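Asks: Right, I'll just put the structure down here and ask away after.
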Amino acid sequence: MRWCNLIYLRAYLNENLGDDLFVQIIAQRYPKIDLQIFASDDYPVKFENNVHFCFTKKEYSKLQNEVKIYDNLRNNKIRRKLLPIFFRPDFKKRREIAKKADINIYVIGSGFMEGGKRGFWQRIEDRLYFSKKPYLLGCNFGPFFSSSYKKQYEKLFSKAKDICFRDSYSYNLFKKLNNIRWESDIVFSYNGNVDESFSKCNEKYIVISVVNLGKDGTINPNEDLYYEFVSEIAEWFLKRKIKVVFVGFCKNQGDDVAVEKVLKRISSQLIEQVEIINYPQNNIPYILGVFKNAESVFASRYHAGIIGMLFEKKTYFLSYSDKIVNVLRDIDENIKYIDINKKINIKVEDFILHYGYCISAERLSEIKESSNRQFIKLDSVLK
């Protein structure tokens, strides 16, 4: 018999491989549980059959039109005060679903970053959601810049049924709350299908994930240096007749654009040995298969590093965020990485020869067990 109540899975759906992996892993863990997702059924990713979208394509299009009309009405400062985003049709619909749900699950990753003043209506929005006592999984907190921001979330988090962070840094910020835990990233628990057809058609290759440093609308002064460094990594292997596969995790955040900027810097004589694989044009099992059989992984995307370690690949970390660094420290404090937000002061060959990390089978086993413990509270309810 299938679960008869409403389970609302709140997730960040933006055709991002890491975030979509969260949804897929939860769906596979609870195959008899029907999960409701706030999205249209034409979302270009096929999850498990127990994942149900709240809207048909037609319904979602209508909602988007209503949102557009509402946003157009908020075209000056006075109207934005009279018509707060709290009452926008999509926000109202989300609250309605969360209110009706018997269980609210929120899998968010980096969802609690301070990005400006949180107004009255946003605080009300958060209070209403947390009053439903949600289960929060796979998250980290920050970056944040003010004590008031942390205090606001301390009050909100205290209302949740369970919160499991993916790093000790976030946990230590709120460890005095009795509903706070910390375990390894959810993706380490993946045990679903892996499509290895790519490796059957290719000889030795490495995988490089590239991130668009301007994906959040910011200007990074080290952007050109970063793309140049990645192109030099690629050329180092190409000159040794080792194929280079670029994997884009999120087209909507410009990973494909970042790859093109790297390719422009690679010698035309070597470019034929390069292949580009983007998500979601290629599905989750296929991309995981590409990682599983690579010689090594160069990870700018956070979850590229997690997947590299999951398959015990020699993994290189090019960090653009503290969230990566905090998780790496929890796994092994001896992991080396470079910070691509700063000037890169290492030669490519030195990086390749000395910065690769090979996780031990024993440590990976511990991390996988920890990752599965993320679900210990949900398991008691849904299994």
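Simple scheme: letters A, B, ... for chains in structure tokens order, numbers from 1 for residues in each chain, numbers from 1 for ligands in the order shown.
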Taking the DSSP secondary structure from the backbone, can you list the residues of region 1-105 of chain A that are helix (DSSP H, G or I), as a ChimeraX atom specification?
Replies: /A:17-29,57-73,77-82,85-87,89-100
Asks: For N, CA and C atoms, I'd like the residues from the last selection saved as a compact mmCIF listing (two decimals), in the first residue's frame.
Replies:
```
# COMPACT_ATOMS: atom_id res chain seq x y z
N LEU A 17 22.69 19.48 -11.71
CA LEU A 17 22.93 18.08 -11.43
C LEU A 17 22.97 17.76 -9.94
N GLY A 18 23.67 18.58 -9.16
CA GLY A 18 23.78 18.31 -7.73
C GLY A 18 22.45 18.34 -7.03
N ASP A 19 21.66 19.37 -7.27
CA ASP A 19 20.35 19.49 -6.62
C ASP A 19 19.37 18.42 -7.09
N ASP A 20 19.42 18.08 -8.37
CA ASP A 20 18.54 17.03 -8.88
C ASP A 20 18.93 15.66 -8.34
N LEU A 21 20.22 15.47 -8.07
CA LEU A 21 20.66 14.23 -7.43
C LEU A 21 20.02 14.07 -6.05
N PHE A 22 19.88 15.17 -5.32
CA PHE A 22 19.21 15.11 -4.03
C PHE A 22 17.81 14.49 -4.18
N VAL A 23 17.05 15.03 -5.13
CA VAL A 23 15.69 14.56 -5.35
C VAL A 23 15.69 13.08 -5.72
N GLN A 24 16.57 12.70 -6.64
CA GLN A 24 16.62 11.33 -7.10
C GLN A 24 16.97 10.36 -5.97
N ILE A 25 17.91 10.74 -5.13
CA ILE A 25 18.33 9.88 -4.02
C ILE A 25 17.19 9.68 -3.03
N ILE A 26 16.47 10.74 -2.69
CA ILE A 26 15.34 10.64 -1.77
C ILE A 26 14.24 9.77 -2.37
N ALA A 27 13.96 9.96 -3.65
CA ALA A 27 12.93 9.18 -4.32
C ALA A 27 13.29 7.69 -4.33
N GLN A 28 14.54 7.38 -4.56
CA GLN A 28 14.98 5.98 -4.58
C GLN A 28 14.99 5.37 -3.19
N ARG A 29 15.22 6.18 -2.19
CA ARG A 29 15.25 5.66 -0.83
C ARG A 29 13.85 5.30 -0.34
N LYS A 57 2.06 21.29 -17.55
CA LYS A 57 2.71 22.36 -18.30
C LYS A 57 1.78 23.56 -18.46
N LYS A 58 0.52 23.29 -18.73
CA LYS A 58 -0.47 24.35 -18.93
C LYS A 58 -0.72 25.11 -17.63
N GLU A 59 -0.86 24.38 -16.54
CA GLU A 59 -1.11 25.02 -15.24
C GLU A 59 0.08 25.88 -14.81
N TYR A 60 1.28 25.37 -15.06
CA TYR A 60 2.48 26.11 -14.65
C TYR A 60 2.67 27.36 -15.50
N SER A 61 2.33 27.24 -16.77
CA SER A 61 2.41 28.40 -17.66
C SER A 61 1.45 29.50 -17.20
N LYS A 62 0.26 29.08 -16.80
CA LYS A 62 -0.72 30.05 -16.29
C LYS A 62 -0.19 30.73 -15.04
N LEU A 63 0.40 29.94 -14.12
CA LEU A 63 0.95 30.50 -12.90
C LEU A 63 2.07 31.49 -13.21
N GLN A 64 2.94 31.15 -14.16
CA GLN A 64 4.04 32.03 -14.53
C GLN A 64 3.53 33.34 -15.11
N ASN A 65 2.45 33.28 -15.86
CA ASN A 65 1.84 34.50 -16.40
C ASN A 65 1.30 35.39 -15.28
N GLU A 66 0.70 34.75 -14.29
CA GLU A 66 0.18 35.51 -13.15
C GLU A 66 1.32 36.17 -12.37
N VAL A 67 2.43 35.45 -12.26
CA VAL A 67 3.61 36.00 -11.59
C VAL A 67 4.14 37.20 -12.37
N LYS A 68 4.18 37.06 -13.68
CA LYS A 68 4.68 38.15 -14.52
C LYS A 68 3.81 39.40 -14.38
N ILE A 69 2.50 39.21 -14.36
CA ILE A 69 1.59 40.34 -14.20
C ILE A 69 1.81 41.02 -12.85
N TYR A 70 1.94 40.20 -11.81
CA TYR A 70 2.15 40.74 -10.46
C TYR A 70 3.46 41.51 -10.38
N ASP A 71 4.52 40.95 -10.99
CA ASP A 71 5.82 41.64 -10.97
C ASP A 71 5.76 42.95 -11.74
N ASN A 72 5.01 42.98 -12.81
CA ASN A 72 4.88 44.22 -13.60
C ASN A 72 4.16 45.31 -12.81
N LEU A 73 3.24 44.89 -11.94
CA LEU A 73 2.52 45.86 -11.11
C LEU A 73 3.44 46.47 -10.04
N LYS A 77 8.94 51.81 -6.20
CA LYS A 77 9.16 51.56 -4.77
C LYS A 77 7.87 51.55 -3.97
N ILE A 78 6.96 52.44 -4.28
CA ILE A 78 5.69 52.52 -3.54
C ILE A 78 4.86 51.27 -3.78
N ARG A 79 4.77 50.87 -5.06
CA ARG A 79 3.98 49.67 -5.37
C ARG A 79 4.59 48.40 -4.79
N ARG A 80 5.92 48.37 -4.71
CA ARG A 80 6.55 47.18 -4.12
C ARG A 80 6.20 47.07 -2.64
N LYS A 81 5.97 48.21 -1.98
CA LYS A 81 5.55 48.17 -0.58
C LYS A 81 4.09 47.75 -0.46
N LEU A 82 3.27 48.24 -1.39
CA LEU A 82 1.84 47.91 -1.36
C LEU A 82 1.57 46.49 -1.83
N ILE A 85 6.15 40.78 -2.22
CA ILE A 85 6.34 39.52 -2.93
C ILE A 85 5.68 38.36 -2.19
N PHE A 86 5.42 38.56 -0.91
CA PHE A 86 4.73 37.56 -0.09
C PHE A 86 3.41 37.14 -0.71
N PHE A 87 2.74 38.07 -1.38
CA PHE A 87 1.43 37.79 -1.97
C PHE A 87 1.50 37.41 -3.45
N PRO A 89 1.57 35.19 -6.68
CA PRO A 89 0.85 33.91 -6.83
C PRO A 89 1.67 32.66 -6.56
N ASP A 90 2.94 32.62 -6.98
CA ASP A 90 3.72 31.40 -6.75
C ASP A 90 4.06 31.23 -5.27
N PHE A 91 4.32 32.32 -4.56
CA PHE A 91 4.59 32.23 -3.13
C PHE A 91 3.34 31.76 -2.38
N LYS A 92 2.21 32.27 -2.77
CA LYS A 92 0.96 31.86 -2.14
C LYS A 92 0.70 30.37 -2.36
N LYS A 93 0.99 29.91 -3.58
CA LYS A 93 0.77 28.50 -3.90
C LYS A 93 1.70 27.59 -3.11
N ARG A 94 2.95 28.00 -2.96
CA ARG A 94 3.90 27.21 -2.17
C ARG A 94 3.43 27.09 -0.71
N ARG A 95 2.96 28.20 -0.15
CA ARG A 95 2.47 28.17 1.24
C ARG A 95 1.26 27.26 1.37
N GLU A 96 0.41 27.31 0.37
CA GLU A 96 -0.79 26.48 0.38
C GLU A 96 -0.42 24.99 0.40
N ILE A 97 0.53 24.61 -0.42
CA ILE A 97 0.95 23.21 -0.48
C ILE A 97 1.63 22.79 0.82
N ALA A 98 2.52 23.65 1.32
CA ALA A 98 3.22 23.33 2.57
C ALA A 98 2.24 23.20 3.74
N LYS A 99 1.21 24.02 3.74
CA LYS A 99 0.22 23.99 4.81
C LYS A 99 -0.58 22.70 4.78
N LYS A 100 -0.92 22.22 3.58
CA LYS A 100 -1.72 21.01 3.43
C LYS A 100 -0.90 19.74 3.68
```
Asks: Can you pull out the residues contacting Gly116 (chain A)? Cut-off 10 Å, using only C-alpha atoms, and skip same-chain residues under 6 positions away; I want them as a list of chain:residue names.
Replies: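 My list of contacting residues is A:Phe144, A:Phe145, A:Tyr149.
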Asks: Mind giving me the straight-line distance from CA of Leu6 (chain A) to CA of Ile33 (chain A) in Å, one decimal?
Replies: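 Computed distance, CA of Leu6 (chain A) to CA of Ile33 (chain A), equals 9.4 Å.
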Asks: Which residues are near region 252-262 of chain A? Cut-off 12 Å, only C-alpha atoms, ignore same chain within fewer than 2 positions. Put them as a count of residues only.
Replies: 50
Asks: What's the separation between CA of Asn179 (chain A) and CA of Asp162 (chain A), in Å to one decimal place?
Replies: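 Atom-to-atom, CA of Asn179 (chain A) to CA of Asp162 (chain A), that is 5.2 Å.
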Asks: Taking only C-alpha atoms into account, which of A:Phe165, A:Phe141, A:Phe130, A:Tyr320 comes nearest Phe112 (chain A)?
Replies: A:Phe141
Asks: Interatomic distance between CA of Asp332 (chain A) and CA of Ile359 (chain A)?
Replies: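 Between CA of Asp332 (chain A) and CA of Ile359 (chain A) the gap is 8.7 Å.
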